[in-house]
There are 2 protein chains.
Amino acid sequence: MTKREEFILQSLQLIHQKGFKATTIRDIAASMDCDVSNVYNYIDSKQGLLETHLFAINEEFHENVDQIIESSYAPKDKIKKLISCYVDLTVSRPLESSLLVNEWRNLKEPKLSKFIKARESFERKVKKIIIEGISEGAFRQMDAELATFSMLSSVRWLFNKYAGKKIKVNKVQVEKEIVDFVLNGLND
Amino acid sequence: MTKREEFILQSLQLIHQKGFKATTIRDIAASMDCDVSNVYNYIDSKQGLLETHLFAINEEFHENVDQIIESSYAPKDKIKKLISCYVDLTVSRPLESSLLVNEWRNLKEPKLSKFIKARESFERKVKKIIIEGISEGAFRQMDAELATFSMLSSVRWLFNKYAGKKIKVNKVQVEKEIVDFVLNGLND
DNA sequence: TTATTGTATCAACATTTGTTGATGTAAATT
DNA sequence: AATTTACATCAACAAATGTTGATACAATAA
C-alpha cells in the first residue's frame with residue numbers, strides 16, 4: 001500500500017470514527033506518524049478531502065440508481081434492485097458510504113445545496129416507485145413518504161456494521177435479508 | 001417564552017441543523033441576538049449543554065423502554081409498543097431526539113462509553129425480543145441482528161421530519177404506518 | 001543526465017473558538 | 001427595604017486548528 005493510499009484510508013477511518021469536524025489534520029498526521037504539513041502533499045484543503053470522496057461515491061451511486069429507475073422492471077423489482085445496489089456499495093466501500101449518511105452536512109455552499117438537491121431528487125424517485133407499486137396493487141395501501149424513508153433507513157445504517165471491521169460478508173445473503181425485511185417485515 | 005427557554009430552543013435548533021461541533025457559542029449568541037458571554041448565564045460549558053439534554057432524553061426513553069421489555073406482552077406486541085414509544089418521543093421532542101441519533105459521538109469519555117453501553121444494551125434487548133418472536137413462530141426465520149438494526153433504523157430517521165418544522169401530526173397514525181411497515185413491509 | 005514525482009522536515013501565522021472576570025441593572029422574592 | 005435572580009455588556013486570553021513557505025532527498029521517468 002502506497003503512502004497516499006494509507007493516507008486516504010486513515011483519513012476516512014478517522015472521519016468515520018469521530019466525524020469530519022472532530023477529525024483534525026493533526027489527528028490524521030498522527031495516525032500515519034508523519035508531520036502535519038505532510039498531509040498537504042495529498043490534499044488541497046480539509047474541505048476538499050470531504051468533497052472529493054463524498055461526491056465520488058455519490059455520483060457513482062446515482063449513476064447506478066438511475067439505470068435501475070429508468071429500467072422497465074416492475075416497482076417491486078426496482079426496489080429489490082435498489083437495495084442490492086445500496087448494499088453492494090456499502091459493503092464494498094463502507095467508509096465512503098458513511099460520508100453519504102453522516103458527513104454531508106459538513107459540506108459548504110454551494111456543494112451542500114448540490115448534494116441536498118441530488119438526494120431529494122433520489123428520494124422523490126423512490127417515492128414515485130412506491131406510489132406506482134401501490135396503485136398497481138403490488139404494495140399495500142400506505143403513506144408513501146413514510147414508507148420511502150422507512151425503507152431507505154433500513155439500508156442506510158448498514159455501513160456501520162462494516163466500516164473499520166474486517167468482516168467476511170456474504171453480500172448476497174445480506175441483500176436477501178434486507179429485501180425480505182423491506183418487502184415482508186418481521187411477520188409470518 | 002422566557003429567555004432561558006429561547007436559549008434552549010435556539011441551541012437545539014442550531015445543533016440539529018449544523019451539528020454540535022459546527023455550532024459555535026457565537027452562533028448561538030447571534031441566534032438570540034445577545035452577547036457571547038451571555039450564553040454562559042445558561043450553561044457551564046458547551047460540552048455540558050450536549051450532555052444535559054442528551055442524557056435527559058436518553059434516560060427518559062430507556063425508562064419507558066424497560067417497562068415495555070419487562071412486561072408480559074408477546075414479542076410482536078412488545079415491538080409495537082416500542083415503536084409507539086419511540087414515535088411518541090420523537091414527535092413530541094424531535095430536537096432532543098436528534099441528539100440521540102446524530103450527536104452522541106461528540107460526547108467525551110467517560111460519558112461516551114456510558115451512552116454506548118446503554119445503547120448497546122438496548123439493542124441487545126430488542127434483538128432478544130426478535131429472537132424470541134422467531135422461535136415462537138410469530139416472526140419468520142431471519143438474521144436477528146440485521147432485523148434488529150433494520151427495524152430500529154425504520155424509526156430512527158423520523159425526527160428529521162419534525163425537527164424545526166411546525167407540522168400538525170397525527171401521532172397515532174404515524175405509529176400505525178411504521179408498525180405496519182416493520183411488521184408487514186411494503187408487500188400485499 | 002536531467003527533470004520530475006513522491007515524500008519528508010521545521011517553523012510560523014492567522015483565525016476560530018471556548019471560556020472567564022469584572023461589572024451593571026431591572027425585576028422578583030424575602 | 002434588602003437580597004436574590006435573571007439578564008446584559010465589554011474586554012481579553014489560551015488553546016486548538018487549518019494552512020503556508022521554504023527546503024531536502026531519494027526514486028523514477030524523460
# chains A, B, ... in the order shown; residues from 1 in each chain; ligands from 1
$ interface_residues --of "chain A" --to "chain B" --cutoff "6 Å" --atoms "only C-alpha atoms" --output "list in words"
Phe139, Arg140, Ser150, Ser153, Ser154, Val182, Leu183, Asn184, Gly185, Leu186, Asn187 and Asp188 of chain A
$ closest_atom_pairs --of "chain A" --to "chain C" --cutoff "9 Å" --atoms "only C-alpha atoms (C1' of nucleotides)" --output "Markdown table"
| residue | atom | partner | partner_atom | distance |
| --- | --- | --- | --- | --- |
| A:Lys3 | CA | C:DT7 | C1' | 8.4 |
| A:Cys34 | CA | C:DA8 | C1' | 8.2 |
| A:Asp35 | CA | C:DT9 | C1' | 7.5 |
| A:Ser37 | CA | C:DT9 | C1' | 8.9 |
| A:Asn38 | CA | C:DA8 | C1' | 7.3 |
| A:Asn41 | CA | C:DT7 | C1' | 8.0 |
$ interface_residues --of "chain D" --to "chain B" --cutoff "10 Å" --atoms "only C-alpha atoms (C1' of nucleotides)" --output "MDAnalysis selection string"
chainID D and resid 6:10
$ write_last_selection --atoms "all heavy atoms" --output "short mmCIF file (atom, residue, chain, number, x, y, z; two decimals), in the first residue's frame"
data_model
loop_
_atom_site.label_atom_id
_atom_site.label_comp_id
_atom_site.auth_asym_id
_atom_site.auth_seq_id
_atom_site.Cartn_x
_atom_site.Cartn_y
_atom_site.Cartn_z
P DA D 6 -33.17 32.58 38.29
OP1 DA D 6 -34.23 31.59 37.96
OP2 DA D 6 -31.77 32.14 38.46
"O5'" DA D 6 -33.21 33.72 37.20
"C5'" DA D 6 -34.43 34.40 36.93
"C4'" DA D 6 -34.18 35.44 35.86
"O4'" DA D 6 -33.37 36.51 36.42
"C3'" DA D 6 -33.41 34.92 34.65
"O3'" DA D 6 -34.10 35.32 33.47
"C2'" DA D 6 -32.02 35.54 34.77
"C1'" DA D 6 -32.33 36.84 35.52
N9 DA D 6 -31.21 37.35 36.32
C8 DA D 6 -30.37 36.66 37.14
N7 DA D 6 -29.46 37.41 37.74
C5 DA D 6 -29.73 38.68 37.28
C6 DA D 6 -29.14 39.94 37.53
N6 DA D 6 -28.10 40.11 38.36
N1 DA D 6 -29.67 41.01 36.91
C2 DA D 6 -30.70 40.84 36.09
N3 DA D 6 -31.36 39.71 35.77
C4 DA D 6 -30.82 38.66 36.40
P DC D 7 -33.57 34.83 32.05
OP1 DC D 7 -34.73 34.76 31.15
OP2 DC D 7 -32.69 33.67 32.26
"O5'" DC D 7 -32.68 36.07 31.58
"C5'" DC D 7 -33.30 37.34 31.39
"C4'" DC D 7 -32.24 38.39 31.27
"O4'" DC D 7 -31.41 38.41 32.45
"C3'" DC D 7 -31.27 38.19 30.10
"O3'" DC D 7 -31.54 39.16 29.09
"C2'" DC D 7 -29.88 38.40 30.72
"C1'" DC D 7 -30.20 39.02 32.07
N1 DC D 7 -29.19 38.77 33.13
C2 DC D 7 -28.48 39.85 33.65
O2 DC D 7 -28.73 40.98 33.22
N3 DC D 7 -27.54 39.63 34.60
C4 DC D 7 -27.31 38.39 35.04
N4 DC D 7 -26.38 38.24 35.99
C5 DC D 7 -28.03 37.27 34.53
C6 DC D 7 -28.95 37.50 33.59
P DA D 8 -30.67 39.16 27.77
OP1 DA D 8 -31.53 39.66 26.68
OP2 DA D 8 -30.00 37.85 27.67
"O5'" DA D 8 -29.56 40.27 28.08
"C5'" DA D 8 -29.96 41.60 28.30
"C4'" DA D 8 -28.75 42.46 28.64
"O4'" DA D 8 -28.22 42.03 29.91
"C3'" DA D 8 -27.60 42.34 27.64
"O3'" DA D 8 -27.57 43.50 26.82
"C2'" DA D 8 -26.34 42.27 28.50
"C1'" DA D 8 -26.84 42.30 29.93
N9 DA D 8 -26.23 41.27 30.78
C8 DA D 8 -26.57 39.96 30.86
N7 DA D 8 -25.85 39.27 31.73
C5 DA D 8 -24.96 40.21 32.24
C6 DA D 8 -23.94 40.14 33.19
N6 DA D 8 -23.62 39.00 33.83
N1 DA D 8 -23.25 41.26 33.47
C2 DA D 8 -23.58 42.40 32.83
N3 DA D 8 -24.53 42.60 31.92
C4 DA D 8 -25.19 41.46 31.67
P DT D 9 -26.52 43.58 25.62
OP1 DT D 9 -27.03 44.58 24.67
OP2 DT D 9 -26.24 42.20 25.18
"O5'" DT D 9 -25.18 44.15 26.28
"C5'" DT D 9 -25.25 45.29 27.15
"C4'" DT D 9 -23.83 45.69 27.55
"O4'" DT D 9 -23.39 44.87 28.66
"C3'" DT D 9 -22.81 45.51 26.44
"O3'" DT D 9 -22.15 46.75 26.22
"C2'" DT D 9 -21.85 44.44 26.94
"C1'" DT D 9 -22.05 44.50 28.45
N1 DT D 9 -21.88 43.18 29.13
C2 DT D 9 -20.96 43.07 30.15
O2 DT D 9 -20.26 43.99 30.52
N3 DT D 9 -20.88 41.82 30.72
C4 DT D 9 -21.62 40.71 30.36
O4 DT D 9 -21.46 39.63 30.95
C5 DT D 9 -22.56 40.90 29.29
C7 DT D 9 -23.40 39.74 28.83
C6 DT D 9 -22.64 42.10 28.74
P DC D 10 -21.33 47.03 24.86
OP1 DC D 10 -21.50 48.44 24.50
OP2 DC D 10 -21.66 45.97 23.89
"O5'" DC D 10 -19.83 46.82 25.34
"C5'" DC D 10 -19.41 47.42 26.56
"C4'" DC D 10 -18.03 46.90 26.96
"O4'" DC D 10 -18.18 45.69 27.74
"C3'" DC D 10 -17.14 46.54 25.76
"O3'" DC D 10 -15.95 47.31 25.83
"C2'" DC D 10 -16.89 45.03 25.90
"C1'" DC D 10 -17.15 44.80 27.39
N1 DC D 10 -17.63 43.42 27.72
C2 DC D 10 -17.07 42.74 28.81
O2 DC D 10 -16.20 43.30 29.49
N3 DC D 10 -17.52 41.50 29.09
C4 DC D 10 -18.46 40.93 28.34
N4 DC D 10 -18.87 39.70 28.66
C5 DC D 10 -19.04 41.60 27.23
C6 DC D 10 -18.60 42.84 26.96
#
$ atom_distance --atom1 "CA of His62 (chain B)" --atom2 "CA of Cys85 (chain B)"
9.9 Å
$ closest_residue --among "B:Leu50, B:Val36, B:Ile69, B:Val169" --to "Thr90 (chain B)" --atoms "only C-alpha atoms"
B:Val169
$ atom_distance --atom1 "CA of Lys128 (chain B)" --atom2 "CA of Glu59 (chain B)"
20.7 Å
$ closest_residue --among "B:Ile167, B:Met1, B:Leu82, B:Leu49" --to "Thr23 (chain B)" --atoms "only C-alpha atoms"
B:Leu49
$ select_by_dssp --residues "region 34-170 of chain A" --states "helix (DSSP H, G or I)" --output "number ranges by chain"
A: 37-41, 46-69, 75-92, 94-106, 111-136, 144-156, 159-162
$ residues_around --residues "Lys165 (chain A)" --least-positions-apart "3" --cutoff "12 Å" --atoms "only C-alpha atoms (C1' of nucleotides)" --output "PyMOL selection string"
chain A and resi 13+16-17+91-95+159-162+168-169
$ write_last_selection --atoms "C-alpha atoms" --output "PDB file, in the first residue's frame"
ATOM      1  CA  GLN A  13     -11.312   5.807   9.039  1.00  0.00           C
ATOM      2  CA  HIS A  16     -15.949   7.640  10.282  1.00  0.00           C
ATOM      3  CA  GLN A  17     -14.993   7.226  13.924  1.00  0.00           C
ATOM      4  CA  VAL A  91     -20.300  -3.481   1.817  1.00  0.00           C
ATOM      5  CA  SER A  92     -17.509  -2.755  -0.624  1.00  0.00           C
ATOM      6  CA  ARG A  93     -16.865   0.836   0.484  1.00  0.00           C
ATOM      7  CA  PRO A  94     -18.338   1.354   3.938  1.00  0.00           C
ATOM      8  CA  LEU A  95     -16.087   4.250   4.916  1.00  0.00           C
ATOM      9  CA  PHE A 159     -22.238   0.882   6.719  1.00  0.00           C
ATOM     10  CA  ASN A 160     -21.891   0.979  10.495  1.00  0.00           C
ATOM     11  CA  LYS A 161     -21.637  -2.754  10.555  1.00  0.00           C
ATOM     12  CA  TYR A 162     -18.771  -2.967   8.110  1.00  0.00           C
ATOM     13  CA  LYS A 168     -16.150 -11.594   5.810  1.00  0.00           C
ATOM     14  CA  VAL A 169     -19.552 -10.813   4.353  1.00  0.00           C
TER      15      VAL A 169
END
$ atom_distance --atom1 "CA of Asp27 (chain A)" --atom2 "CA of Glu6 (chain A)"
14.0 Å
$ residues_around --residues "Ile68 (chain A)" --least-positions-apart "2" --cutoff "8 Å" --atoms "only C-alpha atoms (C1' of nucleotides)" --output "ChimeraX atom specification"
/A:64-66,70-71,73,78,81-82
$ closest_residue --among "A:Ile129, A:Ile15, A:Ala163, A:Ile25" --to "Ala74 (chain A)" --atoms "only C-alpha atoms"
A:Ile129
